[in-house]
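Structure first, commentary second.
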Amino acid sequence: AGVTPRAMSGVLIAAMASTMVTSKSQIILLSHGSKRPAAWEQAGILSRQLAASLEADVRTASIFFGREDSDDSSGSDMLPSLTLALRHALHADGEQQTIVLPFVLGPSRALRTEVPKVLSAFQAEHPAADIKVGPCLAHAADRQAVTTYLSPALEAEIGRVVQQESLQRPDVLVCDHGTADADVAAVRHEIADTLRQRLGDGVRSVQTAPMERPSSISPGSSADDPLLEERLRALPVGAHAVVVMAFLSPGRHAGENGDVAHIIAQALAERPDLRVRTTRLLGDLPETLHLLRAIVTALLNAGRRL
């Protein structure tokens, strides 16, 4: 039997309802950063969707590759830096709370070091600024976001691909960027583990398959998984595979004609017997928007930093 999409859980459906923000908080949707216009466009769409559903002011920013000037004379839609977005939020309504909402999957070094550095410098200049910072997506919902939001969404997405492409009992390969950071790699493992439980015998296997292996990684460590190209090369003759795109944004790795697409194309050139398909990006699935809304609501209701 093939894989079929399941209905979203009651918990997820409940989280989709009644998330309107009654205060006029300023929300900054903070991406990791990309030089690709497709990633800027995605952030803009998400920010507008959040603004409409929460009835709040939502602006975008990026940790890296953000513009620092208020007047972008280039005419591009490049996202502003976090510092610039904070200044705009403060100028818009200096007495209201600002929520920094990371659009980042795992607890990356950028979230742990770069963002606190920027916030510390900004609050030194504006000590009265009321700024709350949300968690990375995987650590939201009391660290149950993968189980409650992301894996159910990916299960349904895998089912869609399997049905649409008439795949037979595929191997599921969970692909992210790849990192030497064990805490970030743990998110990849958690996604794979929960998908393995949910998909059961409907698939041949569920395996982690990062895009690249950093030179700083310790051989044999928990972050040292076989790469996507290695997993594809090891598939049995005639195998079907679904590559789960555990990326949020269409940057140079996961975007059109990006690194992941090239890896798959090379594998198929060497192994024309394989059938390999990809899911949509995690950041493009509706449940990711629902999770972002839930994070904002939890921050406002709790009145504390998550």
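The way I read the labels, and the way they are meant: chains A, B, ... in the order of the structure tokens, residue 1 as the first residue of every chain, and ligand 1 as the first ligand shown, with later ones counted on from there.
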Practice item. With a distance cut-off of 12 Å and only C-alpha atoms, select the neighbouring residues of A:Leu50, excluding the residue or stretch itself and same-chain residues fewer than 5 positions from it, and output the selection as a list in words. Key: Met16, Thr19, Met20, Val21, Gln26, Ile27, Ile28, Leu29, Ala43, Gly44, Ile45, Glu55, Ala56, Asp57, Val58, Arg59, Thr60, Leu101, Pro286, Thr288, Leu289, His290, Leu291, Leu292, Arg293, Ala294, Ile295, Val296 and Thr297 of chain A
Check your understanding: Quick one: DSSP strand (DSSP E or B) residues in stretch 120-266 of chain A, as a PyMOL selection string?
Key -> chain A and resi 131-133+171-175+205-208+240-245
**Study point:** Selected residue, from A:Phe247, A:Phe64, A:Tyr149, A:Phe103, that lies nearest to A:Pro80 when counting only C-alpha atoms
**Key:** A:Phe64
Check your understanding: Between A:Val244, A:Ile191, A:Ala267, A:Ala39, which one has atoms that come closest to A:Thr148, using only C-alpha atoms?
Key -> A:Ile191
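Put simply, atom CA of A:Gln96 is 5.8 Å away from atom CA of A:Ser25.
Excluding stretch 208-219 of chain A and any residue on its chain fewer than 5 positions from it, the residues at most 8 Å away by only C-alpha atoms are A:Leu173, A:Val174, A:Cys175, A:Asp176, A:His177, A:Gly178, A:Thr179, A:Ala180, A:Asp181, A:Arg188, A:His189, A:Ala192, A:Asp224, A:Asp225, A:Pro226, A:Leu227, A:Leu228, A:Glu229, A:Arg231, A:Asp259, A:Val260.
With only C-alpha atoms as the basis for measurement, A:Thr279 is the residue among A:Gln266, A:Thr194, A:Thr279, A:Ser222 that approaches A:Gly159 most closely.
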**Study point:** Interatomic distance, atom CA of A:Glu256 to atom CA of A:Val203 (Å, one decimal)
**Key:** 26.7 Å
Exercise for review: Write out as a PyMOL selection string the residues lying within 9 Å of A:Lys35, counting only C-alpha atoms and excluding same-chain residues fewer than 6 positions away.
Suggested key: chain A and resi 65-66+78+251-252
Practice item. Extract the full set of alpha helix (DSSP H) residues from stretch 28-270 of chain A according to DSSP on the backbone, and format it as a PyMOL selection string. Key: chain A and resi 37-54+82-92+109+115-125+140-143+145+151-165+182-199+228-233+259-270
**Study point:** Long-range neighbours of A:His139 as a VMD selection string, 8 Å cut-off, only C-alpha atoms, 5 positions minimum in chain
**Key:** chain A and resid 106 to 107 144 to 145
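Checking A:Ala51, A:Leu90, A:Ala234, A:Ala140 one by one against A:Pro127, counting only C-alpha atoms, you find the shortest gap at A:Leu90.
Distance annotation: of A:Val206, A:Leu167, A:Val184, A:Leu282, the residue with the minimal separation from A:Ala239 is A:Leu167; atom set is only C-alpha atoms.
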Check your understanding: Do you have the atom CA of A:Ala182-atom CA of A:Ala298 distance handy?
Key -> 27.1 Å
